[in-house]
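What follows is one structure encoded as C-alpha cells, with my remarks underneath.
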Amino acid sequence: MSGRLKSGGAIDRDEVLRFHFDDREYFGHPGDTLASALLANGVRLMGRSFKYHRPRGLLAAGAEEPNALVRLRSGRAAEPNLRATMVELYDGLVAESQNRWPTLRFDVGEVNSLFAPLFPAGFYYKTFMWPASAWKHYEWAIRRFAGLGRAPEPGDPDVYEHRHAHCDVLVIGGGPAGLAAARRATRAGARVILVDEGAAFGGSLRGNGQAIDDAPGLDWVADVVADIEAAADAVALPRTTAIGYHDHNYVTLLERVGDHLPRPESGQPRRRLWKVRARRVVLATGAIERPMVLADNDRPGVMLASAVQSYLNRQAVKVGERVAITTNNDSAYDVAVQLKAAGVAVPALIDLREEVAPALAERLAAQGIELLLARAVVQVHGKYGVKGVDVMRLAPDGERVSGEVRRLDCDALAMSGGWNPTVHLFSQSGGRLAFDETLGAFLPGTGGQPAAVVGAAAGRFDLAACLADGDAAGLAALEAAGITRKGRMPQGPAAEASTAGTPPRNLWQVPTGPGKAATAKRFVDLQNDVTASDLALAAREGYRSIEHVKRYTTTGMGTDQGKTSNVNALGIVAGTLGQEISAVGTTTFRPPYTPATFGAIAGRHTGLNLDPIRRTPMQAWHEAHGAVFEPVGQWLRPRYYPRAGEDMAAAVNREVKATRTSLGLLDATTLGKIDIQGQDAAEFLNRIYTNGWKRLGVGRCRYGLMLHEDGMVFDDGVTARLGENHFHMTTTSGNAGAVLSWLESWLQTEWPELRVYCNSVTEQSAVAGVSGPNARLLMESLGGDLDFSPEAFPFMTWQDGTLAGLPARVFRVSFTGELSYEINVAASLGTALWETLMRAGAAWDITPFGTEAMHVLRAEVGFIIVGQETDGTVTPIDLGLEAMVSGAKDFIGKRSLARADTARGNRRQLVGLLPEDPYLVVPEGAQIVERAGMAPPVPMIGHVTSSYFSPNLGQAFAMALVEGGGARHGETVQVCWDGRSAPAKLCPPKFLDPDGSRARA
Amino acid sequence: MTKYSLLSLVRNAGRGHRDWREAWRSPEPKPSYDALIIGGGGHGLATAYYLASEHGLTNIAVLEKGWIGGGNTGRNTTIIRSNYLEDASSRLYDHAVDLWEGLSRELNFNVMFSQRGVMNLAHNEHDVRELRRRVHANQLNGVDAEWLWRDEVQAFCPVLNCDPAARYPILGATLQRRAGVARHDAVAWGYARGADRRGVDVVENCEVTGFIIRNGEVRGVETTRGEIRAPKIGVVTAGHSSVMATMAGLRLPIESHPLQALVSEPIKPILDTVVMSNAVHVYVSQSDKGELVIGAGADLYNSYAQRGSFPVIEETVRALVELFPFTSRLSMLRSWGGIVDICPDASPIISKTPVRGLYFNCGWGTGGFKATPGSGWVFAHTMARDEPHSLNAPFTIERFHSGALVAEHGAAAVAH
Amino acid sequence: MLLITCPWCGVREEHEFACGGEAHIVRPLDSHTLDDAEWADYVFMRRNPKGVQYERWVHNDGCRRWFNMARHTVSHEILAIYKVGEPKPEFEG
Amino acid sequence: MLDAHLRLSSLAHLGLAARSIEEAGDAGIALGEVPRRVALTLRGDGEDAAFLDAVGRALGTAPPLTANTVASLEDVVILWLGPDEWLVNAPAAREDALQALRSALGDLHHAVADVTESRTVLRLSGASARDLLAQGCSLDFHPSVFQPGMCAGSHLALTHVTIHQIAEDPVYEIHVHRSFADYLWRWLEAASEPYGLAVVTG
Ligand SMILES: Cc1cc2nc3c(=O)[nH]c(=O)nc-3n(C[C@H](O)[C@H](O)[C@H](O)COP(=O)(O)OP(=O)(O)OC[C@H]3O[C@@H](n4cnc5c(N)ncnc54)[C@H](O)[C@@H]3O)c2cc1C
Ligand SMILES: NC(=O)c1ccc[n+]([C@@H]2O[C@H](COP(=O)([O-])OP(=O)(O)OC[C@H]3O[C@@H](n4cnc5c(N)ncnc54)[C@H](O)[C@@H]3O)[C@@H](O)[C@H]2O)c1
Ligand SMILES: Cc1cc2nc3c(=O)[nH]c(=O)nc-3n(C[C@H](O)[C@H](O)[C@H](O)COP(=O)(O)O)c2cc1C
Ligand SMILES: [Zn+2]
C-alpha cells in the first residue's frame, strides 16, 4: 500500500488540507500535488484509458503524465484533463475522475477490453462500411466512447492576461543546469527570465536529494533563486511552462498564476501568457525517463523510477510497501537505495544488462537488495494495483526470455527504460536532432536559433557536468548579448562528479513470457492504448513512415503528446522494419509543449473586447436616443432610431420619408478622410482614379472610382480640391485604412518621384449630413457667414465658414439624392453641432436617420455602395459608369478593362428591378433567372444586390447585376430565393429624380 | 489483397492480426511509365486511382517526395462542402461530394465521411446578403443549402454563443446538411491502396528535381531516385506548385502561404456539426476521437515552412472563445501549419500547360480537401484525353489572361 | 513570428508590419501595347520561390514606410532589409 | 470665440472628472486624460536643410531626425513619427505658433494637417505603468531602452498608438485615435485591476 512517511519531504505537516476526489474526502499537506496526496491516502486508481478503459494509476510525477487526468473544480470553474501530477493541492480542492461510467472502479466501458482483439490499430478503416447509411449510427456510438473529460461549461469566472517581455537571456528549466546559467547571467547584470513549470525551482534536485557545493542541493537552489529575485532586471517564474518556441527567438510562456489557490487572488488573472523576445535562450529542460514496454505495464503501481523517487523525496510518499525495480541504466540504483533507506522493501532490482559497475552492485548489496542481472520483468500481476511481477532471464539478443519464471511479490514496480532529453523546444526552434546510439535517445544537434541546450536536455546526466554546462551557457549568453561582466566573476557551482557508469541497454520491448502471458498487452502509448503489437501491425501493413505509424495507431497523439512513449514507439517500428532509428526519424514536435488554455491565449480580448469598438463623437447621443446599431468595420453605426412601438420597417420608412420630404440628419463621421497635398497631387489622383482630376477647380468636389490593377472596383468616394495642390479625399467607412495604405504603396514604391503627401484625417472631424428639401432652410437658419443660395454654394462644391458659432467646412454633396450638406466640424464639437442641428431642425421636424434609411435613399436615386453592388468582380462599365472611365490617360486597372472577358458585352450589369408585386421586397442576394419553374441546374443570369421598400415610391424596388442588363430595360425576369420566385421588370437603376435635379436644387 | 470487412477483421483477430497484407506496396520506380503523377497527396493519388479505374491507364506511378498524405492532405481541417457561389465551382465541388458519398465502399476503405452538416455564420448585414446569395445560387444549382436565422442556428448548434449583444452577433447561417468532414489520412491511404491494387506504383521518398522537356513536349522527370520517363505528367504538388512550374519554365499566379490549424484536448461529444465564421475568423468541428479541430488563418507572407506565426493562433483562439464560450477552460493540444497554394480568385487551376503532355492541378489553396475525389476524377480525364472535362474547363491558366476568373473569395474567404 | 528591423524605427514585432508581396515588379508603362498574357504576367504571375524571396513590407504601426526585405521562405531568416530605391542585394537560393 | 464648454472629449461620456482624484495614493496605476492640445501632422523632407530651417524658425526647434525621439522647446513638442513625418503638439493656446509654421513652410514641399481632434492623449504613470503597458504592447519599455524623450508608434491592446515617455518615473503619454479612446480606456481600466487604478486629472 502506498502511504506517507513520518518524516522528510518538502511538505508542511502542520497544515492539513482537505480535498475531494470522486466524492470521497481525503487529507493532504501544502507541498502535495493531487497525485502525491492521493498516493499518500492509498489511492492508486486514478483514471481509465482512452480506448480499452483499463484501470490506470500514476506513471509519472511531472508534466509527462499520460494516465492520471482529472476534472478539477466544479460548475463553471471546472476544467477537464488536468494531470494530477501538476495540480497543486489547496484546501477544498475538488477533483473527479474521467472517461468512466458510472464509477471509476466499475466502468461499463471496460467491456471494450473484451473485444480488444477486434480493435487493433486502424480497425475502423476496415469496417463499418456496410450498409452505407449505417455509418451515421456507428459513428454516433464511436463518438460516445471517444473523448476524455467532459467539456467545461460556458461562463468562465476567471480572467487571463498577456504579457510581453524582452530579455537578454531566457532560461527555460530551473534545474541545476538552468539555475547555473541564470545565476551567471544575473550576476553580470543581464536581463534574465528564468522559468520552470514546477511549483518550485530545483528540477530534479527536488526529487533526488543531490548535493551542490557540499550542501544539500536545495539550499543552493534557494540561494540562486534569492539572487535572481533580488536582481533588478531578473525574474524567476515558477509554475510557468515554455509552450512554444517560434521564429526569431520568440517564446511563449504560460504562467499558472492562481491555479494553486482555491481561486485566483482578487484582481489577479488565473493564468498569464507571456510573449518573450529573448536575445539568447538557454534550454535547460532536463530529461524525461522512459517506461519499459513490458507485459501489462499499465497496471496502477507501475511507475517511472524517477517518479517513485520524486514522490519519496518531495512529498515523503512511498508508492508501495514492496517496490520492485527494473531498469536498463544506472539511474534507478539510487532509487533503490533511497527506498530502502525510507523503510520500503525492495525485493529486487532487475537490470536488463549483463553486467554493471561493481560499485553499483556493491551499493545494493550493502543495503541487502537483491540484484538480478540480465533479467527482465515479463509480466505484471494485478488489475487495480500491482500484486507481483514475473522475472525471466533475457537472452543476449534481447529477443527472447528463457529459463524459469520467478515471481516476485511486490505492490509496485519502478521502471527506468533510459532517459530522453527534453528536446521539444529545441526542435520547435528549427534545430535538428541526432540519435545517440549509446543513450538510445535523440540529442540536440545542429541548427535552430540563438540558443544553447544544456544539462540533461543535452544528454548530460551527471550533476557536475550539468552545472558546468549551465554556467558556461550563462557566460556565452552574456557574450552574445554584448554584456560586459561587472566585478569579479564568482566560481561556478560544484558537485561531485559521478564515476563513469555502464551504458544503458536499449531494449525497445521486453519479450513476453510463456503461455497466456505471450498475448498480454505491452503498452507503448498508455493514454491512447497503443501497444507494441499495434505498432508492429502498422509496419506490417505498409505504414512504414513513422508519420504513418503515428497517424494509423494514434501513438503520441494524446494529451501528453507521447512524452514517455515516442522513442519507444520509434524503437519498435525501427526494429520491425529492420532499420536504424536515425533513419526512421522522429515525428514533428509542435507547440504547445504541454496543453495551453484557450482562455489564456485569448487573454483580455473576449466579449466586447474581441475587437475594438470605434465610436463617433455623437455616439453617446445615439445611445441615449435608442439607436439600434450595426457593425461597419470596427465602428458601430446607428442603423435606425426606433420610436416607441415601431419595428425596423416602420422606423426606416419614417426616416426615409422624412428625409425625402423635409429633413433628415445622418452621422457621417465614419467616412474615411485623407488629406492629400503636394505639387503632383492632381497627377497622383489621375493615376489612382478612373476619371480626370487635373481640371477640377479649387472649391469643387468630384466623385471618383478606384480600381485594383485587375480592373475591378475597389473603392469610391467624393474628393474635393482644397487648393491647387491640396485635396480632401473621402473613402468608404470600412476601407479607409486600406485606401491610405494603397495610396502610400504607390507613392513610395512605384512613383517616388511624385511630390505628394497623404495623411489620414478621418478622426479630425465630426460629420453631420443634413439632407432633404428643407436642408437649405436649416442651414440658413443656423446663422453664420456662409451664403447657402444655389448660386453662391452650388452642388459639388465646398466652403469654410462659421455655422451657429462653430467653425465648419461644409461640402455640398449628396448621397441621398436630396439637397444635402455634409457639415464637418472639429470632432470635439460633434455633439454640439448635432444638438444644434436637432434644435434648429425641429421647425422642419428634423429626423435622425441611420444606415438603413441611408441605403434606401441612395438606392432610390441609383447610387451604388461598394461592397454591395460590387463584390470584387465588377468594373465601372458593369456599373454603367463608363462616363467616369477616362480614355485619355492611364490609371490603375485600366489595361485590365480591355481583356477579352472583361470587355465582353454581356457581362453582369447594374440594373433596376421592380417586382411586379409592389409590396414584395425581394431578399438581397436573391438570384435572377429567365423563367420560373425550371428544374436545377437553373441558369442564373444575375442577382439582387440591394432591395428595399420605398415609402416615397410607395413600392418595393431593387438593384441587381444582370447579364447584358444594360440593354434589357423593360424585360421581365424571375427573382428566385428559397424555392420561391417572383416576376420583376428590369429598368434603369434610377427610381426617383433620374436627372438629379433634387440634389442640385 | 484482403478485402476489408467485419468478417475479415474477425478472421484476422483469430490469427493475432498477423496476416494482414500491406495496404500498398513500396516498389522501386521503373525507368518509364505511361504517365506520372507528381505529388502523393489526396489529389495526386485520386488522379492515379481514376486514371487506372476509369481510363485503364495502369502503367503509371505516383511520385511523392516524402510520405503520402504528408502535405496538406494530412494537415487540413477536413471540411467537405459544395456550397460555392459560382456555377463552375459548385458543379465541381458537388461532383466531389457525390463521389465522397460512395467513396468508402468504392475504395473498400472507410474514410469516415461524416455528413454532419456545415454552417457558415453571418455576423453582419453584409454577411447575410452574401451568404444568402450563395444559398439561393446553390438551390438553383441543385446543391443542398438552407438559410437559418439566429434562433434556428441556436437550435441546430446549442453550444454556439448566439447572444444578440455579442461584439459580432450571429444573425444567421447557411447550412448544408450533406456537407461534413472525413478522415483525412484515410483518404490518402484508401486511394493509395485502391490505385496500388490496380497496378499503380506509389513511390514514396522520391522527389522530382527537374523536368525533361524536348521541343515543347515533356518526356520525363529527374528525381532523387533517378530519371523516370513518361509522355504524360500531372503535377499535383499543392504548396510546391510554383517550384514545379519554375522547373518547367512556367509561371503561375500562385503564392504559397502558411495556413495553421490546431486541436484541443479530446472531450466527450459536444459539437455535432461544423461551424465556420468568416467575420470572426475560425472554423471548428469535433473529431470522432473527441478533439475540437480548429482552423486558423493564413500568414500574409510567403512561406514553405509548414509553420505559421503565433498571432494567427491568438486571433483564431479569440474567435473560438467568443463563439464557443465553453472553450475558455479547455486546452489547445497541438498546432501545426501547412503550405497552401493561393490563387488570386480563390479557385483552382486544373489545366493543360504550354508544355505538351504536362498538366497542372493546383491552386486549391485553403480549401481543396473537399474536392479530392472530384479533382482527381476530372484531372484523370484531362490527362487521359488531353482535354478538360466540362467540369474543369473553366479552371484553366488562360483565365488569368482573359479575365474570366472564377471569383470565390466570398465562398472561400474563411480558410477551410 | 518575425522580428523585423525597420530601416527607420529599428527592431519591431512582425504584427506592426504588413507584407506587400513580391518586390521589384515594375508596373509596365506601355500597358496598351501588351497582350493579355503579358499583362496577366504583371498582374497575377509570381515567382513564389522556395528560398530567398525579395518582398515589400510596410511598417503600418510605426513610420508607415514601405521597404524591401530579402527573406528565406523556409527558414524565415531575414537576410537583408533595404530601402525602396536601394539596390537589390543578391543571395544564393 | 468659441464657447469652450461646447467641446467634448472623446471620453466625456465616461464621466471621468467625477472619478478623478488629485493624488494617486497607493494605486499602482494612475491614468488620466490630457487636456486638449493643438496637434499637427507635419510632413517634409528630413534631409532638406531649408525645410528643417523653416520649421526651426517657426517653432524654435527643428524636428527631431533621430528615429523615435522627441524635440521640444518649452511647450512645443515635436514627435518623430517617420523620416518625413512628425507630430507637433502644443497647448491649445499656442495656435499662433502653428499658424507660423504653415506660413514659414511656404512653397517648400511639405504638408501640414491639423489633427488636433484626431487623437486623445492619455497620461499613464504609477509604479506598475510598465507592467500595464506590457500587457498589450510589444515595445520594450525597459529604462535602458526606452527613456524620457522617446516616442514610438505601435500596437496597444489591438489599437494603434503612439507612446511618448515624458518622465523618468515613468510617466507616459499615449496618443490614441479618438474613435478608439473609449475602448482603450476601458481596456486599460480592466487591465489595471491587478495593480489598482487611480483616475487622475491628466
Ligand atoms: C491548415 C489547413 C486547413 C485546411 N482545411 C481545409 C478544409 O477544412 N477543407 C478543405 O477542403 N481543404 C482544406 N485545406 C486545404 C487542403 O488541405 C488542400 O487543398 C488539399 O489537401 C490539397 O491536396 P493535394 O493533394 O493537392 O496536396 P498535398 O496533400 O499537399 O499533396 C501534395 C504532395 O506533393 C508532394 N510534393 C511536392 N513537391 C514534390 C516534388 N518535387 N516531388 C514529389 N512530390 C512532391 C508533397 O510532398 C505533397 O505530399 C486546408 C489546408 C490546411 C493547410
Ligand atoms: N542519472 C541519470 O541518468 C540522470 C538522468 C536525467 C537527469 N539526471 C540528473 O538530473 C539533473 C539534470 O539537471 P537539468 O538542470 O539538466 O534538468 P532538471 O531535470 O533538473 O530540470 C529541468 C527542469 O526543466 C523544467 N522544464 C522542462 N520543460 C519545461 C518547459 N517547457 N517550460 C518550463 N520548464 C520546463 C522541468 O520542470 C525541470 O524542473 C542532473 O542533476 C542530473 O544528474 C540524471
Ligand atoms: C483533422 C486532424 C486531427 C488531428 N488530431 C490530432 C490529435 O488528436 N492529436 C494530435 O496530437 N495531433 C492531431 N493532429 C495533428 C497531427 O498530429 C499533425 O500535427 C498534423 O497532421 C501536421 O503534421 P506535423 O505536425 O507532423 O507537421 C490532427 C490533425 C488533423 C489534420
Ligand atoms: Zn518604421
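Chains: A, B, ... in order of the C-alpha cells. Residues: from 1 per chain. Ligands: from 1, in order shown.
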
* Select all residues from chain A having any atom no more than 7 Å from an atom of chain D (counting only C-alpha atoms, ignoring ligands), output as a PyMOL selection string. => chain A and resi 161-166+267-268+612-617+620+677-678+757+761+763-764+805-806+826-829+832

For the residues in that selection, give me C-alpha atoms as a PDB file, in the first residue's frame.
ATOM      1  CA  GLU A 161      -3.704  38.216 -19.017  1.00  0.00           C
ATOM      2  CA  HIS A 162      -0.986  38.647 -21.590  1.00  0.00           C
ATOM      3  CA  ARG A 163       2.446  39.994 -21.001  1.00  0.00           C
ATOM      4  CA  HIS A 164       5.140  40.993 -23.466  1.00  0.00           C
ATOM      5  CA  ALA A 165       8.688  40.699 -22.233  1.00  0.00           C
ATOM      6  CA  HIS A 166      12.191  41.267 -23.530  1.00  0.00           C
ATOM      7  CA  GLY A 267      -7.789  41.195  -9.379  1.00  0.00           C
ATOM      8  CA  GLN A 268      -5.240  38.645 -10.476  1.00  0.00           C
ATOM      9  CA  PRO A 612     -12.074  47.374 -30.570  1.00  0.00           C
ATOM     10  CA  ILE A 613     -15.304  49.305 -30.966  1.00  0.00           C
ATOM     11  CA  ARG A 614     -14.863  52.663 -32.663  1.00  0.00           C
ATOM     12  CA  ARG A 615     -17.146  55.479 -31.607  1.00  0.00           C
ATOM     13  CA  THR A 616     -18.047  58.708 -33.313  1.00  0.00           C
ATOM     14  CA  PRO A 617     -18.241  61.916 -31.298  1.00  0.00           C
ATOM     15  CA  ALA A 620     -23.435  58.890 -26.747  1.00  0.00           C
ATOM     16  CA  GLN A 677      -1.027  67.616 -50.572  1.00  0.00           C
ATOM     17  CA  GLY A 678       1.829  68.337 -52.906  1.00  0.00           C
ATOM     18  CA  TYR A 757       1.916  63.583 -49.010  1.00  0.00           C
ATOM     19  CA  VAL A 761      -7.687  62.985 -41.152  1.00  0.00           C
ATOM     20  CA  GLU A 763     -10.708  61.267 -36.911  1.00  0.00           C
ATOM     21  CA  GLN A 764     -10.292  65.008 -37.108  1.00  0.00           C
ATOM     22  CA  GLY A 805     -20.865  79.812 -33.967  1.00  0.00           C
ATOM     23  CA  LEU A 806     -18.967  76.663 -34.869  1.00  0.00           C
ATOM     24  CA  ALA A 826     -13.853  69.635 -35.083  1.00  0.00           C
ATOM     25  CA  ALA A 827     -14.588  66.224 -33.621  1.00  0.00           C
ATOM     26  CA  SER A 828     -14.901  67.616 -30.123  1.00  0.00           C
ATOM     27  CA  LEU A 829     -17.720  69.808 -31.380  1.00  0.00           C
ATOM     28  CA  ALA A 832     -22.595  70.475 -30.089  1.00  0.00           C
TER      29      ALA A 832
END

* To do: With only C-alpha atoms and all ligand atoms counted, collect every polymer residue having an atom within 6 Å of ligand 3; state the result as a PyMOL selection string.
  => (chain A and resi 557-558+561+587-588) or (chain B and resi 74-78+263+291+293+334+336)

Using all heavy atoms, can you write the selected residues to a file as a short mmCIF file (atom, residue, chain, number, x, y, z; two decimals), in the first residue's frame?
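Result file is result04.cif:
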data_model
loop_
_atom_site.label_atom_id
_atom_site.label_comp_id
_atom_site.auth_asym_id
_atom_site.auth_seq_id
_atom_site.Cartn_x
_atom_site.Cartn_y
_atom_site.Cartn_z
N MET A 557 -0.34 10.85 -29.89
CA MET A 557 -1.30 11.91 -30.24
C MET A 557 -2.19 12.30 -29.07
O MET A 557 -3.15 13.05 -29.23
CB MET A 557 -2.15 11.49 -31.44
CG MET A 557 -1.30 11.29 -32.70
SD MET A 557 -2.25 10.81 -34.13
CE MET A 557 -2.90 12.40 -34.68
N GLY A 558 -1.89 11.78 -27.90
CA GLY A 558 -2.72 12.10 -26.74
C GLY A 558 -2.33 13.42 -26.11
O GLY A 558 -1.50 14.17 -26.65
N GLN A 561 1.20 13.99 -25.71
CA GLN A 561 1.96 14.05 -26.97
C GLN A 561 3.15 13.08 -26.94
O GLN A 561 4.20 13.35 -27.51
CB GLN A 561 2.43 15.48 -27.23
CG GLN A 561 1.28 16.42 -27.55
CD GLN A 561 0.78 16.24 -28.98
OE1 GLN A 561 1.44 16.59 -29.95
NE2 GLN A 561 -0.40 15.64 -29.11
N THR A 587 8.71 12.03 -35.22
CA THR A 587 7.61 12.87 -35.68
C THR A 587 7.95 14.30 -35.27
O THR A 587 8.92 14.54 -34.56
CB THR A 587 6.29 12.43 -35.04
OG1 THR A 587 6.45 12.42 -33.63
CG2 THR A 587 5.91 11.04 -35.52
N THR A 588 7.14 15.24 -35.74
CA THR A 588 7.46 16.65 -35.53
C THR A 588 7.00 17.12 -34.15
O THR A 588 5.89 16.81 -33.73
CB THR A 588 6.78 17.48 -36.62
OG1 THR A 588 7.14 16.92 -37.88
CG2 THR A 588 7.20 18.92 -36.56
N GLY B 74 -2.67 15.79 -45.14
CA GLY B 74 -2.51 15.30 -43.78
C GLY B 74 -2.59 16.38 -42.73
O GLY B 74 -2.38 16.10 -41.55
N ARG B 75 -2.86 17.58 -43.13
CA ARG B 75 -2.84 18.64 -42.12
C ARG B 75 -4.02 19.59 -42.26
O ARG B 75 -3.98 20.72 -41.80
CB ARG B 75 -1.50 19.39 -42.13
CG ARG B 75 -0.98 19.76 -43.49
CD ARG B 75 0.48 20.21 -43.48
NE ARG B 75 1.40 19.09 -43.38
CZ ARG B 75 2.25 18.93 -42.36
NH1 ARG B 75 2.35 19.80 -41.41
NH2 ARG B 75 3.04 17.88 -42.34
N ASN B 76 -5.07 19.13 -42.89
CA ASN B 76 -6.20 20.05 -43.07
C ASN B 76 -7.34 19.73 -42.10
O ASN B 76 -7.37 18.69 -41.47
CB ASN B 76 -6.69 20.03 -44.52
CG ASN B 76 -7.56 18.85 -44.84
OD1 ASN B 76 -8.79 18.91 -44.76
ND2 ASN B 76 -6.93 17.73 -45.15
N THR B 77 -8.28 20.66 -42.02
CA THR B 77 -9.36 20.51 -41.04
C THR B 77 -10.54 19.74 -41.61
O THR B 77 -11.60 19.69 -41.01
CB THR B 77 -9.83 21.88 -40.54
OG1 THR B 77 -10.05 22.70 -41.67
CG2 THR B 77 -8.76 22.52 -39.66
N THR B 78 -10.38 19.17 -42.77
CA THR B 78 -11.23 18.14 -43.37
C THR B 78 -12.67 18.55 -43.68
O THR B 78 -13.54 17.71 -43.81
CB THR B 78 -11.25 16.84 -42.51
OG1 THR B 78 -12.15 16.97 -41.43
CG2 THR B 78 -9.88 16.49 -41.99
N VAL B 263 -5.67 21.61 -32.60
CA VAL B 263 -6.68 20.75 -31.97
C VAL B 263 -6.67 21.00 -30.47
O VAL B 263 -5.65 21.33 -29.88
CB VAL B 263 -6.46 19.25 -32.22
CG1 VAL B 263 -6.82 18.87 -33.63
CG2 VAL B 263 -5.04 18.82 -31.88
N GLU B 291 -11.34 15.48 -30.06
CA GLU B 291 -10.72 16.79 -30.03
C GLU B 291 -11.47 17.75 -30.94
O GLU B 291 -12.05 17.34 -31.94
CB GLU B 291 -9.23 16.72 -30.40
CG GLU B 291 -8.90 16.47 -31.86
CD GLU B 291 -8.85 15.01 -32.24
OE1 GLU B 291 -9.30 14.15 -31.45
OE2 GLU B 291 -8.40 14.71 -33.37
N VAL B 293 -11.31 20.27 -33.74
CA VAL B 293 -10.37 20.56 -34.82
C VAL B 293 -10.67 21.99 -35.27
O VAL B 293 -11.79 22.30 -35.67
CB VAL B 293 -10.56 19.57 -35.98
CG1 VAL B 293 -9.60 19.89 -37.12
CG2 VAL B 293 -10.36 18.14 -35.49
N ARG B 334 -2.32 20.82 -29.71
CA ARG B 334 -1.27 20.85 -30.74
C ARG B 334 -1.67 21.84 -31.82
O ARG B 334 -2.85 21.99 -32.12
CB ARG B 334 -1.12 19.45 -31.35
CG ARG B 334 0.05 19.28 -32.31
CD ARG B 334 0.16 17.83 -32.78
NE ARG B 334 1.14 17.64 -33.82
CZ ARG B 334 2.39 17.20 -33.64
NH1 ARG B 334 2.78 16.87 -32.43
NH2 ARG B 334 3.21 17.07 -34.66
N TRP B 336 -0.28 23.30 -35.83
CA TRP B 336 0.64 22.99 -36.92
C TRP B 336 0.30 23.85 -38.12
O TRP B 336 -0.68 24.61 -38.09
CB TRP B 336 0.55 21.50 -37.28
CG TRP B 336 -0.77 21.09 -37.85
CD1 TRP B 336 -1.13 21.07 -39.16
CD2 TRP B 336 -1.92 20.66 -37.12
NE1 TRP B 336 -2.44 20.66 -39.29
CE2 TRP B 336 -2.94 20.39 -38.04
CE3 TRP B 336 -2.20 20.48 -35.75
CZ2 TRP B 336 -4.22 19.96 -37.67
CZ3 TRP B 336 -3.47 20.05 -35.38
CH2 TRP B 336 -4.46 19.79 -36.34
#

* Asked: Would you list which chain C residues are within 7 Å of chain A using only C-alpha atoms, as a list in words?
  -> Met1, Leu2, Leu3, Ser31, His32, Asp36, Val43, Trp66 and Val84 of chain C

* Using atom CA of Pro373 of chain B and atom CA of Val97 of chain B as the two end points, give the distance in Å to one decimal. =>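 Answer for the atom CA of Pro373 of chain B to atom CA of Val97 of chain B separation: 8.1 Å.
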
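Among the candidates B:Ser32, B:Ser114, B:Asn124, B:Thr73, the one nearest to ligand 1 when counting only C-alpha atoms and all ligand atoms is B:Thr73.
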
Show me, as a short mmCIF file (atom, residue, chain, number, x, y, z; two decimals) with C-alpha atoms, in the first residue's frame, the residues of chain A whose atoms get within 6 Å of chain B, using only C-alpha atoms for the distance check.
data_model
loop_
_atom_site.label_atom_id
_atom_site.label_comp_id
_atom_site.auth_asym_id
_atom_site.auth_seq_id
_atom_site.Cartn_x
_atom_site.Cartn_y
_atom_site.Cartn_z
CA GLU A 79 -11.57 22.16 -16.10
CA PRO A 117 -8.79 -8.42 -30.39
CA LEU A 118 -11.23 -6.81 -32.84
CA TYR A 125 -10.74 1.84 -41.59
CA LYS A 126 -11.58 -1.75 -42.35
CA THR A 127 -15.18 -1.93 -41.32
CA ARG A 143 -18.14 9.20 -30.58
CA ALA A 146 -14.25 8.74 -27.51
CA GLY A 147 -13.06 11.86 -25.80
CA LEU A 148 -11.61 12.04 -22.34
CA GLY A 149 -13.10 14.57 -19.97
CA ARG A 150 -16.40 16.36 -20.30
CA ALA A 151 -16.39 19.81 -21.89
CA PRO A 152 -16.24 22.73 -19.47
CA GLU A 153 -19.28 24.93 -19.02
CA PRO A 154 -19.56 28.36 -20.57
CA GLU A 541 0.51 -3.19 -43.20
CA GLY A 542 2.83 -0.86 -45.01
CA PRO A 591 3.62 23.78 -29.84
CA PRO A 592 2.37 23.75 -27.19
CA PRO A 595 -1.65 21.81 -23.29
CA ALA A 596 -2.39 25.53 -23.15
CA THR A 597 -5.69 27.00 -22.02
CA PHE A 598 -7.61 28.73 -24.77
CA GLY A 599 -8.83 31.37 -22.34
CA ILE A 601 -4.45 32.59 -25.32
CA ALA A 602 -7.46 34.85 -25.79
CA LEU A 608 -16.98 43.12 -26.30
CA ARG A 899 -9.09 41.95 -71.59
CA ALA A 900 -11.20 39.58 -73.64
CA ASP A 901 -13.57 38.59 -70.87
CA THR A 902 -13.68 41.94 -69.16
CA GLU A 924 -30.92 40.83 -51.21
CA GLY A 925 -28.85 38.06 -52.63
CA ALA A 926 -31.82 36.54 -54.44
CA PRO A 936 -32.00 22.61 -61.30
CA PRO A 937 -29.50 23.37 -62.52
CA VAL A 938 -31.22 26.58 -63.46
CA TRP A 977 -34.96 32.58 -53.47
#

* To do: Kindly work out which residues sit at most 9 Å from ligand 4, using only C-alpha atoms and all ligand atoms, and give the list as a ChimeraX atom specification.
  => /C:5-12,16-17,58-66 /D:67,81-83,153

* Give me the residues within 10 Å of Gln99 of chain D as a list in words, counting only C-alpha atoms and dropping any in the same chain fewer than 5 places off. =>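 In the requested format, the answer is Ala58, Arg94 and Ala104 of chain D.
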
Produce a file of the selected residues containing C-alpha atoms, as a compact mmCIF listing (two decimals), in the first residue's frame.
# COMPACT_ATOMS: atom_id res chain seq x y z
CA ALA D 58 8.64 78.78 -36.76
CA ARG D 94 -0.41 78.16 -28.94
CA ALA D 104 7.09 79.57 -42.72
